[in-house]
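**Student:** I'm passing along coords.cif; it holds mmCIF, C-alpha atoms.
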```
data_input
#
loop_
_atom_site.label_atom_id
_atom_site.label_comp_id
_atom_site.auth_asym_id
_atom_site.auth_seq_id
_atom_site.Cartn_x
_atom_site.Cartn_y
_atom_site.Cartn_z
CA MET G 1 73.98 114.63 100.73
CA LYS G 2 77.21 116.49 100.01
CA ARG G 3 79.63 113.64 99.92
CA LYS G 4 80.16 110.34 98.19
CA LEU G 5 78.42 108.47 100.95
CA ALA G 6 78.77 104.84 99.86
CA ALA G 7 82.50 105.21 99.21
CA ALA G 8 83.03 107.14 102.43
CA ILE G 9 81.41 104.40 104.53
CA VAL G 10 84.08 101.88 103.52
CA ILE G 11 87.22 104.09 103.51
CA ALA G 12 90.12 102.26 105.08
CA GLY G 13 91.19 103.65 108.46
CA MET G 14 94.20 105.97 108.48
CA MET G 15 96.16 107.07 111.54
CA VAL G 16 95.34 110.63 112.46
CA SER G 17 95.87 112.73 115.54
CA VAL G 18 93.03 112.63 118.02
CA SER G 19 91.87 115.87 119.60
CA ALA G 20 90.41 116.13 123.06
CA CYS G 21 87.05 114.43 123.42
CA GLY G 22 84.06 114.83 125.74
CA GLY G 23 84.05 115.44 129.44
CA ASP G 24 85.68 118.87 129.30
CA ASP G 25 82.90 120.83 130.99
CA GLY G 26 84.32 120.49 134.47
CA LYS G 27 81.12 119.02 135.86
CA ASP G 28 81.86 115.33 135.41
CA SER G 29 81.55 113.41 138.66
CA GLY G 30 82.72 110.22 136.98
CA LYS G 31 79.26 108.73 137.39
CA ASP G 32 76.02 109.24 135.49
CA ALA G 33 73.47 110.27 138.12
CA GLY G 34 70.62 110.49 135.61
CA PRO G 35 68.29 113.50 135.12
CA ALA G 36 69.31 115.01 138.45
CA SER G 37 72.79 115.64 137.02
CA TRP G 38 71.83 116.96 133.58
CA LYS G 39 71.50 120.68 134.26
CA GLY G 40 74.66 122.55 133.33
CA GLN G 41 76.28 119.56 131.62
CA THR G 42 77.72 119.67 128.09
CA LEU G 43 77.21 116.68 125.83
CA THR G 44 79.78 116.16 123.06
CA VAL G 45 78.46 114.82 119.75
CA TRP G 46 80.60 113.87 116.75
CA THR G 47 78.89 114.23 113.37
CA MET G 48 80.41 113.86 109.95
CA ASP G 49 80.97 116.73 107.53
CA GLY G 50 77.72 117.41 105.66
CA SER G 51 75.49 115.24 107.84
CA ALA G 52 73.93 117.82 110.16
CA PRO G 53 72.64 120.98 108.42
CA PRO G 54 73.15 124.23 110.38
CA GLN G 55 69.41 124.80 110.87
CA TRP G 56 68.89 121.25 112.12
CA THR G 57 71.82 121.62 114.51
CA LYS G 58 70.53 124.92 115.87
CA ASP G 59 67.00 123.60 116.40
CA VAL G 60 68.17 120.37 118.07
CA GLN G 61 70.44 122.34 120.41
CA ALA G 62 67.52 124.55 121.42
CA ALA G 63 65.16 121.61 122.00
CA PHE G 64 67.82 119.75 123.97
CA ALA G 65 68.57 122.73 126.21
CA LYS G 66 64.87 123.34 126.86
CA LYS G 67 64.20 119.72 127.83
CA THR G 68 67.34 118.90 129.81
CA GLY G 69 68.94 122.16 130.92
CA ALA G 70 72.15 120.91 129.31
CA LYS G 71 74.10 121.98 126.24
CA VAL G 72 75.14 119.91 123.24
CA LYS G 73 78.42 120.63 121.47
CA PHE G 74 78.66 119.32 117.90
CA GLU G 75 82.16 118.54 116.64
CA ILE G 76 82.36 118.04 112.87
CA GLN G 77 84.58 115.21 111.63
CA LYS G 78 86.02 114.33 108.22
CA TRP G 79 85.38 110.89 106.69
CA ASP G 80 89.02 110.46 105.73
CA GLY G 81 90.65 108.42 108.48
CA ILE G 82 87.54 108.39 110.66
CA GLN G 83 87.57 104.67 111.42
CA GLN G 84 90.90 104.82 113.24
CA LYS G 85 89.95 108.08 114.94
CA ILE G 86 86.71 106.64 116.31
CA THR G 87 88.40 103.40 117.36
CA THR G 88 90.99 105.38 119.30
CA ALA G 89 88.39 107.68 120.86
CA LEU G 90 86.21 104.78 122.03
CA SER G 91 89.15 103.24 123.87
CA GLU G 92 89.76 106.37 125.94
CA SER G 93 88.25 107.23 129.32
CA THR G 94 86.71 110.49 128.06
CA PRO G 95 85.32 109.76 124.59
CA PRO G 96 82.75 111.87 122.77
CA ASP G 97 79.37 110.93 124.21
CA VAL G 98 77.50 110.39 120.94
CA ILE G 99 79.13 109.44 117.65
CA GLU G 100 77.86 109.20 114.08
CA VAL G 101 79.13 105.92 112.63
CA GLY G 102 78.81 104.49 109.13
CA ASN G 103 76.07 101.86 109.14
CA THR G 104 78.20 99.04 107.75
CA GLN G 105 81.00 99.86 110.21
CA THR G 106 78.80 99.65 113.30
CA PRO G 107 79.54 95.93 113.96
CA ALA G 108 83.29 96.60 113.93
CA TYR G 109 82.90 99.18 116.70
CA ALA G 110 80.40 97.06 118.63
CA VAL G 111 82.61 93.97 118.73
CA THR G 112 85.35 95.93 120.52
CA GLY G 113 83.01 96.77 123.40
CA GLY G 114 83.21 100.48 122.62
CA LEU G 115 79.49 101.08 122.14
CA ALA G 116 76.76 101.15 124.76
CA GLU G 117 73.83 98.76 124.36
CA LEU G 118 70.63 100.66 123.45
CA GLY G 119 67.92 98.04 123.75
CA ASP G 120 65.88 100.25 126.07
CA LEU G 121 65.99 103.10 123.56
CA LYS G 122 64.86 100.79 120.77
CA GLN G 123 61.84 99.73 122.85
CA GLU G 124 60.93 103.32 123.64
CA ILE G 125 61.30 105.05 120.26
CA GLY G 126 62.23 102.43 117.66
CA ALA G 127 59.15 100.24 117.22
CA ASP G 128 58.48 101.63 113.74
CA TRP G 129 62.03 102.05 112.47
CA THR G 130 62.23 100.64 108.94
CA GLN G 131 63.59 97.12 109.34
CA SER G 132 66.03 97.30 106.41
CA VAL G 133 67.71 100.44 107.78
CA SER G 134 67.55 99.41 111.43
CA GLN G 135 69.32 96.06 111.01
CA SER G 136 72.75 97.66 110.73
CA SER G 137 72.36 98.98 114.28
CA VAL G 138 72.18 95.46 115.66
CA TYR G 139 75.14 93.18 116.30
CA ASP G 140 74.97 89.71 117.85
CA GLY G 141 71.30 90.26 118.61
CA LYS G 142 71.83 93.46 120.59
CA GLN G 143 71.08 97.10 119.71
CA TYR G 144 74.36 99.03 119.67
CA ALA G 145 73.24 102.12 117.75
CA ALA G 146 70.17 103.82 116.32
CA PRO G 147 69.47 104.35 112.60
CA TRP G 148 69.80 108.02 111.58
CA TYR G 149 69.70 108.56 107.79
CA PHE G 150 70.30 106.65 104.57
CA ALA G 151 70.70 106.89 100.80
CA ASN G 152 70.59 104.45 97.92
CA ARG G 153 70.99 104.33 94.17
CA VAL G 154 68.37 105.35 91.62
CA VAL G 155 68.21 105.58 87.84
CA ILE G 156 69.22 109.04 86.63
CA TYR G 157 68.11 109.40 83.02
CA ASN G 158 68.23 111.87 80.14
CA LYS G 159 64.61 112.72 79.30
CA LYS G 160 65.55 114.13 75.88
CA ILE G 161 67.19 110.88 74.78
CA TRP G 162 64.30 108.78 76.10
CA ALA G 163 61.84 110.97 74.19
CA LYS G 164 63.85 110.52 70.98
CA ALA G 165 63.52 106.76 71.48
CA GLY G 166 59.73 107.14 71.71
CA ILE G 167 59.58 106.18 75.41
CA LYS G 168 56.71 107.93 77.17
CA ASP G 169 56.73 106.41 80.65
CA THR G 170 59.41 105.24 83.04
CA PRO G 171 59.64 101.43 83.42
CA LYS G 172 57.93 99.64 86.30
CA THR G 173 59.66 96.26 85.87
CA ARG G 174 63.17 95.11 85.03
CA ASP G 175 62.08 93.68 81.67
CA GLU G 176 60.42 96.98 80.75
CA PHE G 177 63.69 98.72 81.60
CA PHE G 178 65.63 96.37 79.35
CA LYS G 179 63.16 97.04 76.51
CA ASP G 180 63.60 100.78 76.97
CA LEU G 181 67.38 100.45 76.83
CA GLN G 182 67.05 98.38 73.71
CA ALA G 183 64.85 101.06 72.13
CA ILE G 184 67.41 103.76 72.92
CA GLY G 185 70.12 101.67 71.27
CA LYS G 186 68.06 101.16 68.11
CA LYS G 187 66.43 104.55 67.71
CA THR G 188 69.11 106.99 68.88
CA ASP G 189 72.85 107.41 68.63
CA ALA G 190 73.19 107.49 72.43
CA GLU G 191 74.70 104.84 74.67
CA PRO G 192 71.63 103.36 76.38
CA ILE G 193 73.24 103.14 79.84
CA TYR G 194 76.71 103.79 81.18
CA LEU G 195 77.53 100.89 83.50
CA PRO G 196 81.20 100.07 84.12
CA GLY G 197 82.03 96.49 84.99
CA GLN G 198 82.89 97.12 88.63
CA ASN G 199 79.96 99.11 90.02
CA TRP G 200 79.87 96.57 92.81
CA TYR G 201 77.44 98.39 95.08
CA PHE G 202 74.81 98.04 92.34
CA PHE G 203 75.74 94.37 92.12
CA ASP G 204 75.36 94.06 95.89
CA GLY G 205 71.86 95.51 95.54
CA LEU G 206 71.00 92.94 92.87
CA THR G 207 72.28 90.23 95.21
CA ILE G 208 70.04 91.55 97.99
CA GLY G 209 67.16 91.53 95.50
CA GLN G 210 67.78 87.85 94.84
CA GLY G 211 67.58 87.11 98.56
CA ALA G 212 71.27 86.25 98.84
CA ASP G 213 74.31 87.44 100.78
CA LEU G 214 77.97 87.72 99.84
CA VAL G 215 79.09 85.53 102.76
CA LYS G 216 77.81 82.45 104.55
CA LYS G 217 78.55 80.77 107.86
CA ASP G 218 80.77 77.69 107.77
CA GLY G 219 80.99 76.34 111.29
CA ASP G 220 82.26 79.15 113.45
CA LYS G 221 83.63 81.26 110.60
CA TYR G 222 82.41 83.18 107.58
CA VAL G 223 83.38 82.26 104.02
CA SER G 224 82.61 83.50 100.51
CA ASN G 225 79.13 82.90 99.17
CA LEU G 226 79.86 84.00 95.58
CA GLY G 227 79.22 80.44 94.37
CA ASP G 228 75.57 80.57 95.50
CA PRO G 229 73.21 80.21 92.50
CA LYS G 230 71.30 83.28 93.72
CA VAL G 231 74.49 85.36 93.61
CA SER G 232 75.16 84.00 90.13
CA ALA G 233 71.65 85.05 89.10
CA ALA G 234 72.34 88.57 90.36
CA MET G 235 75.53 88.71 88.33
CA GLU G 236 73.70 87.54 85.21
CA ILE G 237 71.25 90.43 85.65
CA TYR G 238 74.20 92.80 85.97
CA LYS G 239 75.70 91.32 82.82
CA LYS G 240 72.50 92.00 80.90
CA TYR G 241 72.51 95.63 82.01
CA ALA G 242 76.17 95.90 81.03
CA SER G 243 75.37 94.57 77.54
CA PHE G 244 73.73 97.93 76.81
CA SER G 245 76.85 99.83 77.88
CA GLU G 246 80.17 100.64 76.26
CA ALA G 247 81.84 101.36 79.61
CA PRO G 248 85.10 99.57 80.53
CA LYS G 249 84.64 96.15 82.13
CA ASP G 250 87.59 96.63 84.47
CA LYS G 251 86.72 100.04 85.97
CA ASP G 252 84.26 101.26 88.58
CA GLU G 253 81.80 104.17 88.49
CA ALA G 254 84.43 106.59 89.82
CA THR G 255 87.04 105.83 87.12
CA PRO G 256 86.10 108.04 85.36
CA GLN G 257 83.28 109.64 87.31
CA GLN G 258 80.15 108.29 85.62
CA ALA G 259 78.29 111.54 86.27
CA THR G 260 80.86 113.39 84.18
CA VAL G 261 80.35 110.91 81.34
CA PHE G 262 76.59 111.31 81.66
CA ALA G 263 76.94 115.10 81.60
CA LYS G 264 78.04 115.02 77.97
CA GLY G 265 74.44 114.32 76.96
CA LYS G 266 75.17 111.18 74.98
CA THR G 267 74.08 108.62 77.57
CA GLY G 268 70.52 107.46 78.25
CA ALA G 269 70.95 106.64 81.93
CA ILE G 270 73.25 105.83 84.81
CA ILE G 271 72.58 104.04 88.08
CA GLY G 272 73.91 106.19 90.86
CA MET G 273 73.43 108.26 93.99
CA GLY G 274 71.24 111.37 93.85
CA TRP G 275 74.21 113.68 94.43
CA GLU G 276 75.70 112.51 91.13
CA ALA G 277 73.07 114.56 89.31
CA GLY G 278 74.64 117.62 90.90
CA THR G 279 78.05 116.52 89.65
CA ALA G 280 76.64 116.20 86.13
CA ILE G 281 75.08 119.67 86.30
CA GLN G 282 78.34 121.13 87.55
CA ALA G 283 80.09 119.64 84.51
CA ASN G 284 77.39 120.77 82.07
CA LYS G 285 74.74 123.22 83.28
CA ALA G 286 72.68 122.68 80.11
CA ILE G 287 71.86 119.10 81.07
CA GLU G 288 69.90 120.12 84.17
CA LYS G 289 66.62 120.56 82.27
CA ASP G 290 66.90 117.04 80.83
CA LEU G 291 67.42 115.17 84.11
CA GLY G 292 64.87 112.70 85.44
CA TYR G 293 64.85 110.02 88.14
CA PHE G 294 63.10 106.77 88.84
CA THR G 295 63.36 103.87 91.26
CA ILE G 296 65.42 100.92 90.00
CA PRO G 297 62.66 98.52 88.91
CA GLY G 298 62.56 94.95 90.15
CA GLU G 299 61.28 91.76 88.60
CA THR G 300 57.66 92.73 89.30
CA ALA G 301 56.01 96.13 89.51
CA ASP G 302 55.01 95.70 93.15
CA LYS G 303 58.57 95.42 94.48
CA PRO G 304 61.57 97.63 93.56
CA GLU G 305 65.00 96.20 92.93
CA GLY G 306 67.18 95.51 95.95
CA VAL G 307 69.62 98.31 96.70
CA PHE G 308 72.63 98.86 98.90
CA LEU G 309 71.65 101.21 101.73
CA GLY G 310 74.51 103.47 102.67
CA GLY G 311 74.05 105.69 105.67
CA SER G 312 74.80 106.49 109.26
CA ASN G 313 73.79 105.41 112.74
CA LEU G 314 74.10 107.30 116.01
CA ALA G 315 75.84 105.47 118.86
CA VAL G 316 76.63 106.16 122.51
CA ALA G 317 80.17 105.54 123.73
CA GLN G 318 80.39 102.81 126.37
CA ASN G 319 82.89 104.91 128.33
CA SER G 320 80.72 108.04 128.33
CA LYS G 321 79.92 109.27 131.85
CA LYS G 322 76.70 110.82 130.51
CA GLN G 323 74.86 107.89 128.97
CA SER G 324 71.43 108.88 130.24
CA LEU G 325 71.88 112.39 128.83
CA ALA G 326 73.19 110.92 125.57
CA LYS G 327 70.06 108.78 125.24
CA GLU G 328 67.92 111.84 125.87
CA PHE G 329 69.75 113.54 122.99
CA LEU G 330 68.96 110.57 120.75
CA LYS G 331 65.28 110.75 121.66
CA ILE G 332 65.25 114.36 120.47
CA ALA G 333 67.49 113.99 117.40
CA LEU G 334 65.62 110.89 116.20
CA SER G 335 62.14 112.24 116.92
CA ASP G 336 59.70 112.55 114.03
CA GLN G 337 60.17 116.31 114.09
CA PHE G 338 63.91 116.28 113.62
CA GLU G 339 64.15 113.14 111.47
CA GLY G 340 61.64 114.76 109.15
CA GLN G 341 63.54 118.03 109.14
CA LEU G 342 66.82 116.26 108.32
CA ALA G 343 65.19 114.37 105.44
CA LYS G 344 63.79 117.59 104.03
CA LEU G 345 67.00 119.62 104.35
CA ASN G 346 69.47 116.96 103.16
CA GLY G 347 67.27 114.85 100.87
CA VAL G 348 68.18 111.66 102.76
CA ILE G 349 65.98 108.67 103.60
CA PRO G 350 64.68 108.91 107.20
CA ASN G 351 64.56 105.95 109.57
CA LYS G 352 60.77 105.56 109.28
CA GLU G 353 58.69 105.05 106.15
CA SER G 354 56.03 107.32 107.64
CA LEU G 355 58.46 110.26 107.40
CA GLU G 356 59.26 109.87 103.69
CA SER G 357 56.63 112.49 102.84
CA ASN G 358 59.30 115.02 103.83
CA LEU G 359 61.13 114.16 100.59
CA LYS G 360 58.36 115.56 98.38
CA GLY G 361 59.75 117.83 95.68
CA ASN G 362 63.22 116.26 95.71
CA GLY G 363 63.17 114.10 92.58
CA ALA G 364 66.19 111.96 93.40
CA ALA G 365 65.12 111.38 97.00
CA GLU G 366 61.55 110.54 95.98
CA ALA G 367 62.93 107.95 93.56
CA ALA G 368 65.21 106.51 96.23
CA ALA G 369 62.62 106.17 98.99
CA PRO G 370 60.66 103.16 97.62
CA GLY G 371 63.87 101.14 97.37
CA ALA G 372 64.73 101.58 101.04
CA ALA G 373 62.25 98.97 102.25
CA ALA G 374 63.70 96.40 99.82
CA GLY G 375 67.30 97.36 100.51
CA GLY G 376 70.11 96.00 102.61
CA THR G 377 73.83 96.29 103.19
CA THR G 378 77.05 94.44 102.74
CA PRO G 379 77.51 91.67 105.36
CA LEU G 380 77.11 93.14 108.84
CA ILE G 381 80.10 91.41 110.39
CA PRO G 382 83.38 92.94 111.61
CA GLU G 383 85.34 90.62 109.31
CA TRP G 384 83.80 92.12 106.17
CA ALA G 385 85.81 95.37 106.13
CA ALA G 386 88.99 93.60 104.97
CA VAL G 387 87.20 92.17 101.91
CA GLU G 388 86.65 95.66 100.50
CA ASN G 389 90.33 96.62 100.65
CA THR G 390 92.06 97.28 97.34
CA PRO G 391 92.23 95.23 95.20
CA ASN G 392 88.61 94.31 95.91
CA PRO G 393 88.08 90.65 94.89
CA ILE G 394 84.36 91.28 94.25
CA LYS G 395 85.36 93.66 91.47
CA SER G 396 87.72 91.05 90.01
CA TYR G 397 84.87 88.53 90.04
CA MET G 398 82.58 90.91 88.16
CA THR G 399 85.14 91.72 85.48
CA ALA G 400 85.85 88.03 84.98
CA VAL G 401 82.17 87.29 84.36
CA LEU G 402 81.79 90.20 81.95
CA ASN G 403 84.86 88.95 80.07
CA GLY G 404 83.26 85.54 79.51
CA LYS G 405 83.82 83.36 82.57
CA SER G 406 80.81 81.66 84.11
CA PRO G 407 79.80 83.10 87.51
CA ALA G 408 80.72 79.76 89.11
CA ASP G 409 84.23 79.75 87.63
CA ALA G 410 84.77 83.41 88.41
CA ALA G 411 83.75 82.76 92.02
CA LYS G 412 86.29 79.95 92.36
CA GLN G 413 88.94 82.33 91.06
CA VAL G 414 88.54 84.77 93.96
CA GLU G 415 86.98 82.86 96.85
CA GLY G 416 90.37 81.85 98.28
CA GLU G 417 91.34 85.51 98.67
CA ILE G 418 87.96 86.42 100.13
CA ASN G 419 88.18 83.60 102.68
CA LYS G 420 91.70 84.66 103.61
CA ARG G 421 90.51 88.18 104.30
CA LEU G 422 87.47 87.01 106.25
CA ALA G 423 89.81 85.00 108.49
CA GLN G 424 91.89 88.04 109.46
CA LYS G 425 91.83 88.99 113.12
CA ASN G 426 90.23 92.34 113.93
#
```
What does this structure look like when you write it as structure tokens?
**Tutor:**
Amino acid sequence: MKRKLAAAIVIAGMMVSVSACGGDDGKDSGKDAGPASWKGQTLTVWTMDGSAPPQWTKDVQAAFAKKTGAKVKFEIQKWDGIQQKITTALSESTPPDVIEVGNTQTPAYAVTGGLAELGDLKQEIGADWTQSVSQSSVYDGKQYAAPWYFANRVVIYNKKIWAKAGIKDTPKTRDEFFKDLQAIGKKTDAEPIYLPGQNWYFFDGLTIGQGADLVKKDGDKYVSNLGDPKVSAAMEIYKKYASFSEAPKDKDEATPQQATVFAKGKTGAIIGMGWEAGTAIQANKAIEKDLGYFTIPGETADKPEGVFLGGSNLAVAQNSKKQSLAKEFLKIALSDQFEGQLAKLNGVIPNKESLESNLKGNGAAEAAAPGAAAGGTTPLIPEWAAVENTPNPIKSYMTAVLNGKSPADAAKQVEGEINKRLAQKN
């Protein structure tokens, strides 16, 4: 994955100019006549920069042409400003036919009526989609997209520092991890773990691991759930991790980039995305030989820690005149052959556990895969997007706890702002 996926998924929409969309092949009759009309058509597919490798694109185009007699035109989009661009495109009469959408943003597009319902596709090809990655494709009980690919956080560690601390194996439980961090602190001069106070996606994963959510239903509206004892328990776990770190309590993992800090070779571990290892290597080539990865351990060895699953779904525009052809594209793109190829080329988690064997040899991806089944997302409601806007009240809550407030008191401090944002009209 070539971009900062988790951050990109939640970028606030910016107004940008919208180029011409699908339906420019001159063969549109204004009505989808099914397979009889496919030959000679051109399907327009929007994918994000870095999502579709050139080889994958070429092979999918060939398979699509062979099966349907139609062509597929991929148009690469930038994440910056994409929310507004997609929203505008979906409201037009000639939108792109298939669109890659961030998984947590899918409900916001679905609620506008811009996405076609794909329940029939789910029945045909989605019986064994991993539940944790498939749930973001569903809104109000209906299937409005299909899960494409995902990524989650792992532990990236410095093998040299761990060896100096006398640690021979990677931890299988959370308590073992804490003991290892303690050993690094006592036996080396390294910082055991670099964990700034506002790495809130890691906190969200801990919350998922505790079986909790960041919002709850109150009548016909959503309100903050930060006061839930399970959320408090997740924050206490975060606080214990942070006790082994010297990182600022009021900054996130991008301020400064934690991979750059890790690259200096004086940190035992960070919790981050696999691509951050590449950032560390770019900053200090010598550290490459010392890098290792493991799944974030949970309370027991049989279940990894909960993680935030960032990723993308593929959706069909409701206003597309080629919906049957678009669904045929999805059947090909999401087939075991091409899901497996995408996982292998990009090192991303596929939409089926049975395809994770394609990640073999990619250390970061292999470490991430076990966490996918225990993962989840931020609340899958259209109202959630406003909560993440700067200044993010979840971050303020975390800093308050790390500075000494009880989780309950820190929750009371920000829940008014969270509720205000959840009440905003979309």
**Student:** Write out as a ChimeraX atom specification which residues come within 10 Å of Val261 (chain G) when counting only C-alpha atoms, dropping same-chain ones fewer than 3 positions away.
**Tutor:** /G:194,247,253,256-258,264-267,270,280,283
**Student:** Quick one: distance from CA of Arg421 (chain G) to CA of Val387 (chain G) in Å, one decimal?
**Tutor:**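 Separating CA of Arg421 (chain G) from CA of Val387 (chain G) is a distance of 5.7 Å.
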**Student:** What's the separation between CA of Gly375 (chain G) and CA of Ser132 (chain G), in Å to one decimal place?
**Tutor:** 6.0 Å
**Student:** Report as a short mmCIF file (atom, residue, chain, number, x, y, z; two decimals) with C-alpha atoms, keeping the file's coordinate frame the residues that result from applying the PyMOL selection byres ((chain G and resi 383) around 9) to the structure here.
**Tutor:**
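Produced file expr_20.cif, reproduced below:
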```
data_model
loop_
_atom_site.label_atom_id
_atom_site.label_comp_id
_atom_site.auth_asym_id
_atom_site.auth_seq_id
_atom_site.Cartn_x
_atom_site.Cartn_y
_atom_site.Cartn_z
CA ALA G 108 83.29 96.60 113.93
CA TYR G 222 82.41 83.18 107.58
CA PRO G 379 77.51 91.67 105.36
CA LEU G 380 77.11 93.14 108.84
CA ILE G 381 80.10 91.41 110.39
CA PRO G 382 83.38 92.94 111.61
CA TRP G 384 83.80 92.12 106.17
CA ALA G 385 85.81 95.37 106.13
CA ALA G 386 88.99 93.60 104.97
CA VAL G 387 87.20 92.17 101.91
CA ARG G 421 90.51 88.18 104.30
CA LEU G 422 87.47 87.01 106.25
CA ALA G 423 89.81 85.00 108.49
CA GLN G 424 91.89 88.04 109.46
CA LYS G 425 91.83 88.99 113.12
CA ASN G 426 90.23 92.34 113.93
#
```
**Student:** Hey, which of G:Gly227, G:Gly50, G:Pro192, G:Gly347 ends up closest to Asp180 (chain G)? Count all atoms listed in the file.
**Tutor:**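 Closest candidate: G:Pro192.
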